[in-house]
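Q: Next comes the structure file input-v3.cif, holding mmCIF, C-alpha atoms and all ligand atoms.
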```cif
data_model
#
loop_
_atom_site.label_atom_id
_atom_site.label_comp_id
_atom_site.auth_asym_id
_atom_site.auth_seq_id
_atom_site.Cartn_x
_atom_site.Cartn_y
_atom_site.Cartn_z
CA MET A 1 0.00 0.00 0.00
CA THR A 2 1.30 3.42 -0.84
CA VAL A 3 -0.17 6.76 -0.07
CA ALA A 4 -0.48 8.78 -3.24
CA GLU A 5 0.56 12.40 -3.08
CA PRO A 6 -2.59 14.46 -2.95
CA THR A 7 -3.01 15.58 -6.55
CA ARG A 8 -5.66 18.17 -5.84
CA ALA A 9 -7.15 19.84 -2.85
CA HIS A 10 -9.70 17.68 -1.04
CA ALA A 11 -12.13 19.27 1.29
CA THR A 12 -10.80 18.24 4.67
CA THR A 13 -13.41 18.27 7.34
CA THR A 14 -13.08 16.33 10.49
CA ALA A 15 -15.25 15.57 13.44
CA GLY A 16 -14.90 14.32 16.97
CA ILE A 17 -17.17 11.95 18.81
CA GLU A 18 -18.31 12.03 22.38
CA ALA A 19 -19.94 9.31 24.44
CA SER A 20 -21.55 10.18 27.72
CA GLY A 21 -22.77 7.70 30.29
CA LEU A 22 -23.08 4.89 27.73
CA THR A 23 -24.66 1.76 29.11
CA VAL A 24 -25.22 -1.06 26.63
CA SER A 25 -26.92 -4.41 27.19
CA TYR A 26 -27.55 -7.48 25.09
CA GLY A 27 -30.79 -8.73 26.58
CA SER A 28 -30.22 -8.70 30.33
CA HIS A 29 -26.42 -8.85 29.94
CA GLU A 30 -24.98 -5.38 30.54
CA VAL A 31 -21.65 -5.14 28.68
CA LEU A 32 -20.82 -1.42 28.84
CA HIS A 33 -21.29 0.37 32.13
CA ASP A 34 -21.57 4.14 32.14
CA VAL A 35 -18.74 4.76 29.64
CA SER A 36 -17.86 8.38 28.94
CA LEU A 37 -15.14 9.54 26.59
CA ALA A 38 -14.49 12.33 24.14
CA ILE A 39 -12.46 11.84 20.98
CA GLU A 40 -11.26 15.17 19.60
CA PRO A 41 -11.40 15.91 15.86
CA GLY A 42 -8.20 14.69 14.19
CA GLU A 43 -7.14 12.30 16.96
CA LEU A 44 -5.85 8.78 16.35
CA THR A 45 -6.96 6.64 19.25
CA VAL A 46 -6.59 2.92 19.87
CA LEU A 47 -8.86 0.83 22.07
CA ILE A 48 -7.25 -2.12 23.81
CA GLY A 49 -8.52 -4.69 26.28
CA PRO A 50 -9.03 -8.41 26.73
CA ASN A 51 -11.55 -10.46 24.77
CA GLY A 52 -15.08 -9.67 25.82
CA SER A 53 -14.21 -6.34 27.44
CA GLY A 54 -16.65 -4.47 25.19
CA LYS A 55 -14.35 -2.93 22.57
CA SER A 56 -16.43 -4.01 19.58
CA THR A 57 -19.64 -3.06 21.36
CA LEU A 58 -18.27 0.42 22.07
CA LEU A 59 -17.24 0.89 18.44
CA ARG A 60 -20.62 -0.35 17.20
CA THR A 61 -22.42 1.98 19.59
CA LEU A 62 -20.37 4.93 18.32
CA ALA A 63 -21.38 3.88 14.78
CA ARG A 64 -25.06 3.80 15.83
CA LEU A 65 -25.34 0.08 15.14
CA VAL A 66 -26.16 -0.66 18.76
CA LYS A 67 -28.60 1.40 20.77
CA PRO A 68 -27.51 2.20 24.32
CA VAL A 69 -29.97 1.63 27.15
CA ALA A 70 -28.65 4.79 28.80
CA GLY A 71 -26.44 7.67 27.77
CA GLY A 72 -25.78 8.98 24.31
CA VAL A 73 -23.32 9.84 21.56
CA ARG A 74 -22.61 13.17 19.89
CA PHE A 75 -20.83 13.17 16.54
CA GLY A 76 -19.39 16.48 15.37
CA GLY A 77 -21.22 18.10 18.26
CA VAL A 78 -24.64 16.78 17.15
CA ASP A 79 -26.74 14.04 18.74
CA LEU A 80 -26.05 10.90 16.71
CA ASN A 81 -29.76 10.17 16.49
CA ALA A 82 -30.41 13.49 14.78
CA ILE A 83 -28.16 12.68 11.83
CA GLY A 84 -29.70 11.14 8.70
CA ALA A 85 -28.59 7.64 7.70
CA ARG A 86 -26.93 8.69 4.44
CA GLU A 87 -25.14 11.65 5.98
CA LEU A 88 -23.85 9.44 8.77
CA ALA A 89 -22.70 6.75 6.32
CA ARG A 90 -20.79 9.36 4.35
CA ARG A 91 -19.14 11.06 7.31
CA LEU A 92 -18.44 8.09 9.57
CA ALA A 93 -17.08 4.86 8.10
CA TYR A 94 -17.23 1.78 10.32
CA LEU A 95 -15.34 -1.35 9.37
CA PRO A 96 -16.30 -4.47 11.33
CA GLN A 97 -13.84 -7.13 12.37
CA ALA A 98 -14.73 -9.63 9.65
CA PRO A 99 -16.56 -7.74 6.91
CA GLU A 100 -18.42 -9.93 4.45
CA GLY A 101 -19.71 -9.08 1.02
CA PRO A 102 -21.27 -11.10 -1.80
CA PRO A 103 -18.50 -13.55 -2.86
CA ASP A 104 -18.83 -12.77 -6.56
CA LEU A 105 -18.64 -9.00 -6.08
CA THR A 106 -15.45 -7.54 -7.57
CA VAL A 107 -13.15 -5.25 -5.62
CA ASP A 108 -14.09 -2.43 -7.98
CA GLU A 109 -17.80 -3.00 -7.35
CA LEU A 110 -17.21 -3.12 -3.59
CA VAL A 111 -15.37 0.20 -3.61
CA TRP A 112 -18.10 1.79 -5.74
CA ARG A 113 -20.60 0.60 -3.13
CA GLY A 114 -18.54 2.52 -0.61
CA ARG A 115 -19.24 5.64 -2.62
CA TYR A 116 -23.07 5.27 -2.60
CA PRO A 117 -23.66 7.55 0.40
CA ASN A 118 -21.92 10.40 -1.39
CA ARG A 119 -23.88 10.16 -4.63
CA GLY A 120 -27.10 8.25 -4.01
CA LEU A 121 -28.09 4.88 -5.38
CA PHE A 122 -29.49 6.07 -8.68
CA ALA A 123 -27.35 9.11 -9.42
CA SER A 124 -24.87 8.76 -12.24
CA ALA A 125 -21.22 8.86 -11.29
CA HIS A 126 -19.45 12.20 -11.54
CA ALA A 127 -15.77 12.75 -12.19
CA GLU A 128 -15.22 13.38 -8.49
CA ASP A 129 -16.76 10.01 -7.64
CA ARG A 130 -14.43 8.24 -10.08
CA GLU A 131 -11.48 10.12 -8.66
CA ALA A 132 -12.42 9.22 -5.10
CA VAL A 133 -12.82 5.55 -6.04
CA ASP A 134 -9.51 5.48 -7.93
CA ARG A 135 -7.72 7.23 -5.08
CA ALA A 136 -9.16 4.84 -2.48
CA ILE A 137 -8.10 1.84 -4.58
CA GLU A 138 -4.62 3.27 -5.02
CA GLN A 139 -4.20 4.14 -1.34
CA ALA A 140 -5.31 0.73 -0.13
CA GLY A 141 -2.99 -0.94 -2.63
CA VAL A 142 -5.65 -2.97 -4.42
CA ALA A 143 -5.27 -1.61 -7.97
CA GLU A 144 -4.08 -4.99 -9.24
CA LEU A 145 -7.05 -6.72 -7.62
CA ARG A 146 -9.68 -4.41 -9.08
CA HIS A 147 -11.39 -7.01 -11.21
CA ARG A 148 -11.05 -9.94 -8.84
CA ALA A 149 -14.07 -11.38 -7.03
CA LEU A 150 -14.02 -11.11 -3.21
CA ALA A 151 -14.17 -14.91 -2.88
CA THR A 152 -10.80 -15.25 -4.64
CA LEU A 153 -8.86 -12.90 -2.34
CA SER A 154 -6.49 -13.82 0.47
CA GLY A 155 -7.31 -12.57 3.97
CA GLY A 156 -5.00 -9.59 3.63
CA GLU A 157 -6.23 -8.67 0.14
CA HIS A 158 -9.81 -8.91 1.34
CA GLN A 159 -9.08 -6.59 4.25
CA ARG A 160 -7.42 -4.02 2.00
CA ALA A 161 -10.40 -4.13 -0.38
CA TRP A 162 -12.67 -3.18 2.54
CA ILE A 163 -10.31 -0.40 3.62
CA ALA A 164 -10.57 0.96 0.05
CA MET A 165 -14.35 0.74 0.33
CA SER A 166 -14.29 2.81 3.52
CA LEU A 167 -11.92 5.40 2.03
CA ALA A 168 -14.08 5.88 -1.08
CA ARG A 169 -16.59 7.92 0.89
CA GLU A 170 -13.86 10.27 2.10
CA PRO A 171 -15.14 10.06 5.66
CA GLU A 172 -14.42 12.45 8.51
CA MET A 173 -14.01 9.55 10.90
CA LEU A 174 -12.92 5.94 10.57
CA LEU A 175 -13.95 3.36 13.16
CA LEU A 176 -12.00 0.15 12.59
CA ASP A 177 -12.36 -3.09 14.53
CA GLU A 178 -9.07 -5.00 14.53
CA PRO A 179 -8.22 -4.04 10.95
CA THR A 180 -4.88 -5.88 10.97
CA THR A 181 -6.22 -9.27 12.03
CA PHE A 182 -5.64 -11.18 8.79
CA LEU A 183 -2.49 -9.37 7.71
CA ASP A 184 1.14 -10.47 7.91
CA ILE A 185 3.44 -8.10 9.82
CA GLY A 186 4.53 -6.30 6.65
CA HIS A 187 0.96 -5.59 5.59
CA GLN A 188 0.04 -4.72 9.18
CA ALA A 189 2.74 -2.06 9.29
CA GLU A 190 1.70 -0.70 5.89
CA LEU A 191 -1.95 -0.51 6.83
CA LEU A 192 -1.22 1.25 10.14
CA LYS A 193 1.11 3.66 8.36
CA LEU A 194 -1.61 4.40 5.82
CA LEU A 195 -4.11 5.11 8.60
CA ALA A 196 -1.59 7.29 10.45
CA GLU A 197 -0.94 9.26 7.24
CA LEU A 198 -4.63 9.71 6.51
CA ASN A 199 -4.97 10.95 10.05
CA GLN A 200 -2.03 13.36 9.87
CA GLU A 201 -2.41 14.63 6.33
CA ARG A 202 -6.19 14.75 5.97
CA GLY A 203 -7.14 15.11 9.59
CA ILE A 204 -9.41 12.06 9.47
CA THR A 205 -10.27 11.08 13.03
CA VAL A 206 -9.37 7.42 13.60
CA VAL A 207 -10.60 5.17 16.37
CA MET A 208 -9.53 1.56 16.10
CA VAL A 209 -9.40 -1.58 18.13
CA LEU A 210 -6.01 -3.29 18.00
CA HIS A 211 -5.14 -6.61 19.54
CA ASP A 212 -1.44 -5.87 19.63
CA VAL A 213 -0.71 -3.48 22.49
CA THR A 214 2.84 -2.81 21.29
CA GLN A 215 1.46 -1.77 17.92
CA ALA A 216 -1.15 0.38 19.61
CA SER A 217 1.58 2.17 21.56
CA HIS A 218 3.58 2.78 18.43
CA TYR A 219 0.83 4.35 16.31
CA ALA A 220 -1.49 6.08 18.74
CA ARG A 221 -1.00 9.16 20.79
CA ARG A 222 -3.89 8.01 22.95
CA VAL A 223 -4.70 4.52 24.16
CA ILE A 224 -7.95 3.67 25.91
CA ALA A 225 -7.96 0.44 27.89
CA LEU A 226 -11.27 -1.30 28.52
CA ARG A 227 -11.96 -4.11 30.91
CA ASP A 228 -15.34 -5.58 31.86
CA GLY A 229 -17.17 -2.79 30.04
CA ARG A 230 -15.39 0.05 31.81
CA VAL A 231 -12.60 2.43 30.86
CA MET A 232 -9.66 1.46 33.10
CA HIS A 233 -6.99 3.74 31.63
CA ASP A 234 -7.02 6.51 29.05
CA GLY A 235 -4.10 8.62 27.89
CA ASP A 236 -0.63 8.69 26.43
CA PRO A 237 0.62 5.16 25.62
CA ARG A 238 3.56 5.61 27.97
CA GLU A 239 1.19 6.21 30.87
CA VAL A 240 -1.38 3.58 29.92
CA VAL A 241 0.92 0.78 28.80
CA THR A 242 2.82 -0.11 31.95
CA ALA A 243 3.65 -3.64 33.14
CA GLU A 244 1.24 -3.25 36.07
CA HIS A 245 -1.66 -2.02 33.92
CA ILE A 246 -1.18 -4.65 31.23
CA ALA A 247 -0.79 -7.50 33.71
CA GLU A 248 -3.98 -6.42 35.45
CA LEU A 249 -5.91 -5.88 32.21
CA PHE A 250 -4.98 -9.19 30.59
CA ASP A 251 -4.37 -11.34 33.70
CA THR A 252 -0.89 -12.26 32.56
CA ALA A 253 2.65 -11.33 33.54
CA VAL A 254 4.47 -9.03 31.12
CA SER A 255 7.54 -6.87 30.99
CA VAL A 256 7.39 -3.51 29.30
CA LEU A 257 10.53 -2.28 27.57
CA ALA A 258 11.14 1.01 25.80
CA ASP A 259 11.55 0.85 22.02
CA PRO A 260 15.21 1.76 21.48
CA GLU A 261 14.30 4.09 18.59
CA THR A 262 11.14 5.80 19.76
CA GLY A 263 10.87 5.10 23.47
CA ALA A 264 7.36 3.69 22.92
CA PRO A 265 6.38 0.83 25.23
CA VAL A 266 7.04 -2.70 23.95
CA ILE A 267 5.24 -5.62 25.61
CA VAL A 268 7.13 -8.82 26.32
CA PRO A 269 4.90 -11.63 27.61
CA ARG A 270 6.51 -13.61 30.42
CA VAL A 271 5.88 -17.26 29.60
CA SER A 272 6.13 -19.87 32.33
CA PHE A 273 8.03 -22.46 30.38
CA ALA A 274 11.53 -22.55 28.94
CA PRO A 275 11.37 -23.79 25.35
CA HIS A 276 15.10 -23.63 24.70
CA GLU A 277 16.36 -25.24 27.88
CA GLU A 278 19.13 -27.78 27.30
CA ALA A 279 18.57 -31.33 28.52
P1 LIG A 301 -14.55 -7.33 22.65
O1 LIG A 301 -14.69 -6.72 21.30
O2 LIG A 301 -13.78 -6.51 23.61
O3 LIG A 301 -14.01 -8.74 22.57
P2 LIG A 301 -17.44 -7.41 22.65
O4 LIG A 301 -17.94 -6.03 22.60
O5 LIG A 301 -17.47 -8.19 21.36
O6 LIG A 301 -16.00 -7.45 23.30
O7 LIG A 301 -18.28 -8.24 23.69
C1 LIG A 301 -18.55 -7.77 25.00
C2 LIG A 301 -19.51 -8.74 25.68
O8 LIG A 301 -20.77 -8.71 25.01
C3 LIG A 301 -19.06 -10.20 25.64
O9 LIG A 301 -19.44 -10.80 26.84
C4 LIG A 301 -19.86 -10.78 24.48
O10 LIG A 301 -20.09 -12.15 24.66
C5 LIG A 301 -21.14 -9.98 24.54
N1 LIG A 301 -21.75 -9.80 23.20
C6 LIG A 301 -21.15 -9.20 22.14
N2 LIG A 301 -22.00 -9.16 21.09
C7 LIG A 301 -23.13 -9.74 21.50
C8 LIG A 301 -24.40 -9.99 20.87
N3 LIG A 301 -24.65 -9.64 19.61
N4 LIG A 301 -25.35 -10.62 21.61
C9 LIG A 301 -25.12 -10.98 22.90
N5 LIG A 301 -23.97 -10.76 23.54
C10 LIG A 301 -22.99 -10.15 22.86
MG MG A 302 -14.11 -7.38 19.45
#
```
Take the structure in this file and express it as structure tokens.

A:
Amino acid sequence: MTVAEPTRAHATTTAGIEASGLTVSYGSHEVLHDVSLAIEPGELTVLIGPNGSGKSTLLRTLARLVKPVAGGVRFGGVDLNAIGARELARRLAYLPQAPEGPPDLTVDELVWRGRYPNRGLFASAHAEDREAVDRAIEQAGVAELRHRALATLSGGEHQRAWIAMSLAREPEMLLLDEPTTFLDIGHQAELLKLLAELNQERGITVVMVLHDVTQASHYARRVIALRDGRVMHDGDPREVVTAEHIAELFDTAVSVLADPETGAPVIVPRVSFAPHEEA
């Protein structure tokens, strides 16, 4: 994936999102308890936490896919419920953990679908729509896959096709749930670099769930740690990602080192066996 030099001025608008007192239940099972947080426009924030801590639920609630039983969300300063569906789809792109599309859809068709909220289902495509689609395809590094059906793609290719789909609507905010899951480390680094560049150069607000806490520390200026549906820590990675916090969050012993180049925290799990011990 490469980030193309911006060839023309794109309208750069950005928005923050604010959750206040969010309580979310599935049936009688309450999974988020009174969560409040404010993401400023142009921030890049990573959510971390153990399985089942409510990260995906929080992201889905911010995307208005789950209705809270108490509390609310404001996007760009406006109550989320007051925003029309198409406007919200255009301004806020949410990418689930394992997106699925029709298997015979081509990458090109998928990315054009991403552009629907900007132009309407029945409107003919304008030059700016074509440009946005081409740019998204270029940025996500899927130009060579344009005419391939989704069913024929590898996990990493599939993920990049969906990133292109999200970028096609030129959103103000990206909400991404574990976007690096199916990628090898090279493609993980490229994808995170792309997101960091979109954030820095276009001001797109990014909130993503990452499994890898070391990666989170490297790319985010703010890390929010969830456990049992509550925000346990929120702030600079160097303050949030300490051995004590991580051990407590994930119920496992870790050491935290400082990256020799950047000083960012690096997690080293402390395993209780010695695989290389000599007999
Ligand atoms: P995370 O993304 O941190 O792993 P989730 O938000 O997916 O956590 O899940 C939080 C809790 O909510 C878990 O206990 C999970 O089993 C439960 N949960 C998630 N989605 C649903 C659902 N659609 N119906 C019922 N329970 C759910
Ligand atoms: Mg999840």

Q: Could you work out an axis-aligned box for stretch 50-54 of chain A, taking every atom the file lists and adding 6 Å on each side, and report centre and edge lengths in Å to one decimal, as JSON?

A:
```
{"center_x": -12.8, "center_y": -7.5, "center_z": 26.1, "size_x": 19.6, "size_y": 18.0, "size_z": 14.7}
```

Q: Enumerate residues in contact with ligand LIG 301 (chain A): an atom-to-atom distance of at most 8 Å, counting all atoms listed in the file. Format the result as a list in words.

A: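 My answer, listing the contacting residues, is Ser25, Tyr26, Gly27, His29, Glu30, Val31, Leu32, Ile48, Gly49, Pro50, Asn51, Gly52, Ser53, Gly54, Lys55, Ser56, Thr57, Leu58, Leu226, Arg227, Asp228 and Gly229 of chain A.
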
Q: So, counting only C-alpha atoms and all ligand atoms, which residue among A:Gly186, A:Gly263, A:Pro96, A:Gly16 is closest to ligand MG 302 (chain A)?

A: A:Pro96

Q: Find the spatial neighbours of A:Thr262, counting all atoms listed in the file, within a cut-off of 12 Å - ignore same-chain residues fewer than 6 positions away - and output them as a compact mmCIF listing (two decimals) with C-alpha atoms, in the frame of the given file.

A:
```txt
# COMPACT_ATOMS: atom_id res chain seq x y z
CA SER A 217 1.58 2.17 21.56
CA HIS A 218 3.58 2.78 18.43
CA TYR A 219 0.83 4.35 16.31
CA ARG A 238 3.56 5.61 27.97
```

Q: Taking into account all atoms listed in the file, which residue in the set A:Ser166, A:Thr181, A:Thr252, A:Asn118 is nearest to ligand MG 302 (chain A)?

A: A:Thr181

Q: From (-13.4, 9.6, 4.4), in the file's coordinates, out to 10 Å: which residues are reached, counting all atoms listed in the file? Answer as number ranges by chain.

A: A: 12-14, 89-93, 115, 132, 136, 165-174, 198, 202-205

Q: Using only C-alpha atoms and all ligand atoms, which residue out of A:His211, A:Arg146, A:Arg74, A:Arg221 lies closest to ligand MG 302 (chain A)?

A: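 Checking each of A:His211, A:Arg146, A:Arg74, A:Arg221 against ligand MG 302 (chain A), counting only C-alpha atoms and all ligand atoms, the winner is A:His211.
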
Q: Have a look at A:His33, A:His233, A:His276, A:Arg60 and name the one nearest to ligand MG 302 (chain A); count only C-alpha atoms and all ligand atoms.

A: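 Of all the options, A:Arg60 lies closest to ligand MG 302 (chain A).
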
Q: So, counting only C-alpha atoms, which residue among A:Ile137, A:Arg86, A:Val78, A:Val271 is closest to A:Arg119?

A: A:Arg86

Q: Atom CA of A:Gly156 to atom CA of A:Leu44: how many Å, to one decimal?

A: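 Pair atom CA of A:Gly156 / atom CA of A:Leu44 returns 22.4 Å.
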
Q: Using only C-alpha atoms and all ligand atoms, which of A:Leu191, A:Leu47, A:Ala164, A:Ala127 sits nearest ligand MG 302 (chain A)?

A: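 When distances to ligand MG 302 (chain A) are compared using only C-alpha atoms and all ligand atoms, the smallest one comes from A:Leu47.
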
Q: So which residues are close to (7.7, -2.7, 28.5), meaning at most 12 Å away in the file's coordinates with all atoms listed in the file counted, and can you show them as a PyMOL selection string?

A: chain A and resi 213-214+217+237-247+253-260+263-270

Q: Just the number, please: distance in Å from atom CA of A:Gly141 to atom CA of A:Leu88, one decimal.

A: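 So the two atoms, atom CA of A:Gly141 and atom CA of A:Leu88, lie 25.9 Å apart.
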
Q: Please provide as a PyMOL selection string all residues within 6 Å of A:Val207, with the sequence filter that same-chain residues fewer than 4 positions apart are discarded (counting all atoms listed in the file).

A: chain A and resi 44-46+175

Q: Kindly give the distance, in Å, that separates atom CA of A:Ile83 and atom CA of A:Ala63, rounded to a single decimal.

A: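 Between atom CA of A:Ile83 and atom CA of A:Ala63 the gap is 11.5 Å.
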
Q: If we count all atoms listed in the file and set the cut-off at 8 Å, which residues sit around stretch 17-24 of chain A, ignoring sequence neighbours fewer than 2 positions away in its own chain? Please answer as a ChimeraX atom specification.

A: /A:15,26,30-41,57,62,66-77
